[in-house]
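A.B. asks: One structure, pasted below without further comment.
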Amino acid sequence: MNVDIGNALGSVASPGISRAALEHLDEQVADAHERIERGMANGEHGYEALNLPERTDPDKIRAAVEPVADCDALVTVGIGGSALGAATIVDALEERGDGTETVFLDNVDPEWVTAHLEALPLEATAINVVSRSGTTAETLANFLVVREAFESAGVDWTERTIVTTGESGPLRDLVDRHDLPSLTVPDGVPGRYAALSAVGLVAAAVCGHDLEAILEGAAAERETLSGSLFDCPAYAYGATAYALDQRGAGTNAMVPYAESLETYAEWFAQLWAESLGKDDLGQTPVRALGVTDQHSQLQLYRAGPRDKLVTFVRPLEAPDREIPATEVDDLSYLGDATLGELLDAEFEATEASLAAASRPNVRIELECVDADEIGSLLYGMEAACVLAGELYGVDTFEQPAVEWAKKATRGLLGGGEFEEANAVTEKTTLR
Ligand code: PA5
């Protein structure tokens with residue numbers, strides 16, 4: 001991936017960062033890079049995720065999915081980091097896959113879950129259950145519901161299920177009890193950094209995607225990590241986003257200009273929010289989509305409070321389609337163009353309009369949306385986030401607020417004694 005921070009510089013943007021300030025920040029980037037490299041070399045918790053391009057074994061993943069390789073549909077049951085990486089990859093590469101229909105059950109909205117299950121051809125559907133802890137209530141509940149739906153339809157779910165989880169826990173118990181094919185979430189890899197492991201790649205394998213190409217793209221990005229933000233696209237992004245936040249851009253709007261990357265913006269939002277939102281620090285990620293949100297959010301980005309960074313992601317090449325000629329003179333300019341040219345013009349116009357209003361924006365370019373480039377994008381943004389976490393000085397790889405809510409939920413449902421649940425009960429009583 002290429003990162004262009006030109007429109008975030010202090011000479012053209014407000015808030016912006018001056019070249020001198022970037023050079024000063026680069027000293028901190030060098031120190032942070034040393035810590036990151038050390039963490040990777042020692043396989044420390046979190047940093048280990050940046051070793052995944054070399055550690056993940058695509059053959060092992062393909063062997064695990066072999067029994068369900070001919071399925072027509074795949075339902076993935078997982079949430080947060082156990083769903084968004086897989087969803088990003090299969091949504092981005094959908095046009096290049098083998099046509100397997102994919103459904104992601106993360107929410108536990110009963111109407112929505114029921115509608116999905118009723119629409120699926122269960123006798124030709126495989127189940128991909130993913131939970132690092134193996135205890136997440138939403139995932140376990142949805143798995144039990146899916147399992148029952150299969151049983152009611154007379155389909156043997158044990159022959160159609162693959163589980164990815166930790167070495168122990170309730171989900172691992174189910175694996176052992178029913179002798180299910182399973183993969184293990186690698187040690188030291190937090191959920192939202194697990195897209196390049198079995199957590200994100202089982203779904204891609206079932207859909208026939210090129211796992212080696214995804215990992216090669218990530219490995220190429222890993223090669224660019226260096227002690228200077230001026231030599232490393234991922235660090236240039238992480239450092240710029242951090243510096244702009246320090247100068248007042250507390251919101252980061254992620255705007256891919258490709259429908260296939262809409263889910264990527266969701267993945268990024270989790271990565272950025274859950275990793276950096278600590279100790280009263282962090283930058284609030286917002287999900288948007290070009291060109292659609294030009295007609296809803298752009299007004300605010302160009303003329304609202306000067307508290308935002310807009311991050312564009314743009315594939316340079318994509319399939320195109322001509323716009324048919326028309327009998328109306330005023331529309332003849334459209335008949336001379338293609339939809340791709342219109343999309344490009346919209347992108348250029350939006351970027352220029354923000355720059356003209358001195359609103360900081362960064363452009364991330366991919367050659368195209370393919371397996372290699374998706375691997376590069378996911379790895380690059382993970383490295384950017386790890387670097388930003390070092391600069392903020394936060395505990396990037398923990399998510400205590402998420403864990404608090406998980407315990408409170410379990411406690412409220414009678415799943416154990418958790419003081420977090422008492423806090424909820426007390427609050428309710430006071431009202
Ligand atoms: O990034 C994280 O750690 C979280 O978003 C988790 O992935 C999410 O809470 C799901 O957890 P688990 O994989 O344990 O079910």
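Identifiers in this document derive from the order of the structure tokens: chains are assigned A, B, ..., residues are numbered from 1 separately in each chain, and ligands are numbered from 1 in order of occurrence.
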I'd like the contact shell of Ala205 in chain A - 8 Å cut-off, only C-alpha atoms, skipping same-chain residues fewer than 5 positions apart - returned as a short mmCIF file (atom, residue, chain, number, x, y, z; two decimals) with C-alpha atoms, in the first residue's frame.
C.D. replies:
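Writing the result to result-v2.cif gives the following:
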```cif
data_model
loop_
_atom_site.label_atom_id
_atom_site.label_comp_id
_atom_site.auth_asym_id
_atom_site.auth_seq_id
_atom_site.Cartn_x
_atom_site.Cartn_y
_atom_site.Cartn_z
CA ILE A 61 -6.20 -24.24 7.30
CA ARG A 62 -7.08 -25.79 3.93
CA VAL A 65 -11.86 -26.93 5.80
CA ASP A 210 -5.60 -17.64 -2.36
CA LEU A 211 -4.31 -17.75 1.23
#
```
A.B. asks: Neighbouring residues of range 289-292 of chain A were defined as those with any atom within 8 Å, considering only C-alpha atoms; residues of the same chain fewer than 5 positions away were excluded. Please report them as a ChimeraX atom specification.
C.D. replies: /A:254-259,262,343,346-347
A.B. asks: Output N, CA and C atoms for every residue in that selection, as a compact mmCIF listing (two decimals), in the first residue's frame.
C.D. replies:
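Ended up saving to again01.txt:
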```txt
# COMPACT_ATOMS: atom_id res chain seq x y z
N MET A 254 -12.82 6.93 8.07
CA MET A 254 -12.23 6.01 7.09
C MET A 254 -13.18 5.88 5.90
N VAL A 255 -12.71 6.29 4.75
CA VAL A 255 -13.60 6.36 3.57
C VAL A 255 -13.00 5.60 2.38
N PRO A 256 -13.29 4.30 2.27
CA PRO A 256 -12.83 3.59 1.08
C PRO A 256 -13.68 3.96 -0.13
N TYR A 257 -13.04 4.06 -1.28
CA TYR A 257 -13.77 4.31 -2.53
C TYR A 257 -13.91 3.00 -3.30
N ALA A 258 -14.58 2.04 -2.70
CA ALA A 258 -14.89 0.75 -3.33
C ALA A 258 -15.90 0.06 -2.44
N GLU A 259 -17.00 -0.38 -3.02
CA GLU A 259 -18.01 -1.11 -2.24
C GLU A 259 -17.38 -2.32 -1.57
N GLU A 262 -16.14 -1.82 1.99
CA GLU A 262 -17.00 -1.23 3.03
C GLU A 262 -16.77 -1.94 4.37
N LEU A 343 -16.42 7.49 -10.76
CA LEU A 343 -15.95 7.23 -9.38
C LEU A 343 -14.63 7.96 -9.12
N GLU A 346 -15.18 11.66 -8.78
CA GLU A 346 -15.81 11.97 -7.48
C GLU A 346 -14.74 11.95 -6.38
N PHE A 347 -13.86 10.93 -6.46
CA PHE A 347 -12.79 10.85 -5.46
C PHE A 347 -11.89 12.08 -5.52
```
A.B. asks: Check which residues of chain A sit at most 9 Å from ligand 1 using only C-alpha atoms and all ligand atoms, and return one row each with the closest pair of atoms and their distance in Å to one decimal, ordered by chain and rising number, as a tab-separated table.
C.D. replies:
```
residue	atom	partner	partner_atom_place_in_ligand_line	distance
A:Gly78	CA	ligand 1	15 (O)	6.2
A:Ile79	CA	ligand 1	10 (C)	5.0
A:Gly80	CA	ligand 1	5 (O)	3.9
A:Gly81	CA	ligand 1	7 (O)	3.3
A:Ser82	CA	ligand 1	7 (O)	4.6
A:Ala83	CA	ligand 1	7 (O)	7.5
A:Leu84	CA	ligand 1	7 (O)	8.6
A:Val130	CA	ligand 1	13 (O)	6.3
A:Ser131	CA	ligand 1	13 (O)	3.5
A:Arg132	CA	ligand 1	13 (O)	3.7
A:Ser133	CA	ligand 1	14 (O)	3.6
A:Gly134	CA	ligand 1	14 (O)	5.6
A:Thr135	CA	ligand 1	14 (O)	6.3
A:Thr136	CA	ligand 1	15 (O)	4.5
A:Ala137	CA	ligand 1	15 (O)	7.9
A:Glu138	CA	ligand 1	15 (O)	8.0
A:Thr139	CA	ligand 1	15 (O)	6.4
A:Leu140	CA	ligand 1	15 (O)	8.4
A:Thr165	CA	ligand 1	13 (O)	7.5
A:Gly166	CA	ligand 1	14 (O)	8.5
A:Val185	CA	ligand 1	13 (O)	8.9
A:Val189	CA	ligand 1	3 (O)	8.9
A:Pro190	CA	ligand 1	3 (O)	5.1
A:Gly191	CA	ligand 1	7 (O)	3.7
A:Arg192	CA	ligand 1	1 (O)	3.8
A:Tyr193	CA	ligand 1	1 (O)	7.0
A:Ala194	CA	ligand 1	1 (O)	8.3
A:Val199	CA	ligand 1	13 (O)	8.6
A:Gln270	CA	ligand 1	5 (O)	7.2
A:Leu271	CA	ligand 1	1 (O)	7.4
A:Glu274	CA	ligand 1	1 (O)	6.9
A:Ser275	CA	ligand 1	1 (O)	8.2
A:Phe397	CA	ligand 1	3 (O)	7.9
A:Glu398	CA	ligand 1	3 (O)	7.3
A:Gln399	CA	ligand 1	3 (O)	6.4
A:Val402	CA	ligand 1	9 (O)	6.5
A:Glu403	CA	ligand 1	9 (O)	7.4
A:Lys406	CA	ligand 1	9 (O)	7.9
```
A.B. asks: With only C-alpha atoms as the atoms that count, which of A:Thr88, A:Asn42, A:Thr284, A:Ser197 lies nearest to Glu266 in chain A?
C.D. replies: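 Among the listed residues, the smallest separation from Glu266 in chain A belongs to A:Thr88.
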A.B. asks: Determine, counting only C-alpha atoms, which protein, DNA and RNA residues have an atom within 10 Å of an atom of Thr311 in chain A; residues of the same chain fewer than 6 positions away are not included. Present the result as a PyMOL selection string.
C.D. replies: chain A and resi 3+5+237+241+252-256+286+288+351+360-364
A.B. asks: Emit the selected residues as a compact mmCIF listing (two decimals), in the first residue's frame, including N, CA and C atoms.
C.D. replies:
```txt
# COMPACT_ATOMS: atom_id res chain seq x y z
N VAL A 3 1.01 5.37 1.02
CA VAL A 3 0.34 6.33 1.89
C VAL A 3 0.83 7.73 1.52
N ILE A 5 0.62 11.54 2.72
CA ILE A 5 0.19 12.39 3.83
C ILE A 5 0.27 13.88 3.47
N TYR A 237 1.34 6.47 8.29
CA TYR A 237 -0.09 6.64 8.60
C TYR A 237 -0.32 6.71 10.11
N ALA A 241 -1.73 10.09 11.93
CA ALA A 241 -3.04 10.07 12.61
C ALA A 241 -2.87 10.47 14.08
N ASN A 252 -11.43 10.17 13.17
CA ASN A 252 -10.78 9.66 11.96
C ASN A 252 -11.84 8.98 11.10
N ALA A 253 -12.21 9.64 10.01
CA ALA A 253 -13.23 9.05 9.12
C ALA A 253 -12.55 8.21 8.06
N MET A 254 -12.82 6.93 8.07
CA MET A 254 -12.23 6.01 7.09
C MET A 254 -13.18 5.88 5.90
N VAL A 255 -12.71 6.29 4.75
CA VAL A 255 -13.60 6.36 3.57
C VAL A 255 -13.00 5.60 2.38
N PRO A 256 -13.29 4.30 2.27
CA PRO A 256 -12.83 3.59 1.08
C PRO A 256 -13.68 3.96 -0.13
N VAL A 286 -14.65 6.67 12.41
CA VAL A 286 -15.99 6.77 11.80
C VAL A 286 -15.94 5.99 10.49
N ALA A 288 -17.27 5.36 6.74
CA ALA A 288 -18.00 6.00 5.64
C ALA A 288 -17.64 5.27 4.35
N GLU A 351 -11.44 14.80 -2.49
CA GLU A 351 -10.13 15.04 -1.88
C GLU A 351 -9.73 16.51 -2.05
N PRO A 360 -7.50 18.24 6.95
CA PRO A 360 -6.47 17.21 6.76
C PRO A 360 -7.06 15.91 6.22
N ASN A 361 -6.39 15.38 5.23
CA ASN A 361 -6.81 14.07 4.72
C ASN A 361 -5.58 13.31 4.24
N VAL A 362 -5.69 11.99 4.30
CA VAL A 362 -4.59 11.10 3.91
C VAL A 362 -5.13 10.14 2.86
N ARG A 363 -4.31 9.88 1.86
CA ARG A 363 -4.74 8.95 0.81
C ARG A 363 -3.94 7.65 0.91
N ILE A 364 -4.66 6.53 1.02
CA ILE A 364 -4.01 5.22 0.99
C ILE A 364 -4.37 4.58 -0.34
```
A.B. asks: Measuring atom to atom with only C-alpha atoms, identify which of A:Leu342, A:Ala198, A:Leu316, A:Leu215 is nearest to Ala63 in chain A.
C.D. replies: A:Ala198
A.B. asks: Out of range 32-229 of chain A, which residues get alpha helix (DSSP H) from DSSP, as a PyMOL selection string?
C.D. replies: chain A and resi 32-41+52-55+58-65+84-92+110-119+137-152+170-178+198-206+211-223
A.B. asks: Quick one: residues within 8 Å of range 222-231 of chain A, only C-alpha atoms, excluding same-chain residues fewer than 5 positions away - as an mmCIF file with C-alpha atoms, in the first residue's frame?
C.D. replies:
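Produced file around_39.cif, reproduced below:
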```cif
data_model
loop_
_atom_site.group_PDB
_atom_site.id
_atom_site.type_symbol
_atom_site.label_atom_id
_atom_site.label_comp_id
_atom_site.auth_asym_id
_atom_site.auth_seq_id
_atom_site.Cartn_x
_atom_site.Cartn_y
_atom_site.Cartn_z
ATOM 1 C CA ASP A 26 10.339 10.461 13.869
ATOM 2 C CA GLU A 27 12.719 10.108 16.826
ATOM 3 C CA VAL A 29 8.933 6.430 15.861
ATOM 4 C CA ALA A 30 12.483 5.025 15.854
ATOM 5 C CA ASP A 31 12.198 4.159 19.568
ATOM 6 C CA HIS A 33 9.969 0.610 16.147
ATOM 7 C CA GLU A 34 12.714 -0.843 18.330
ATOM 8 C CA LEU A 50 2.913 -8.923 13.310
ATOM 9 C CA ALA A 236 3.649 7.243 8.187
ATOM 10 C CA ALA A 239 2.289 8.655 13.199
ATOM 11 C CA TYR A 379 -1.083 -5.839 7.921
ATOM 12 C CA GLY A 380 -0.223 -2.216 7.183
#
```
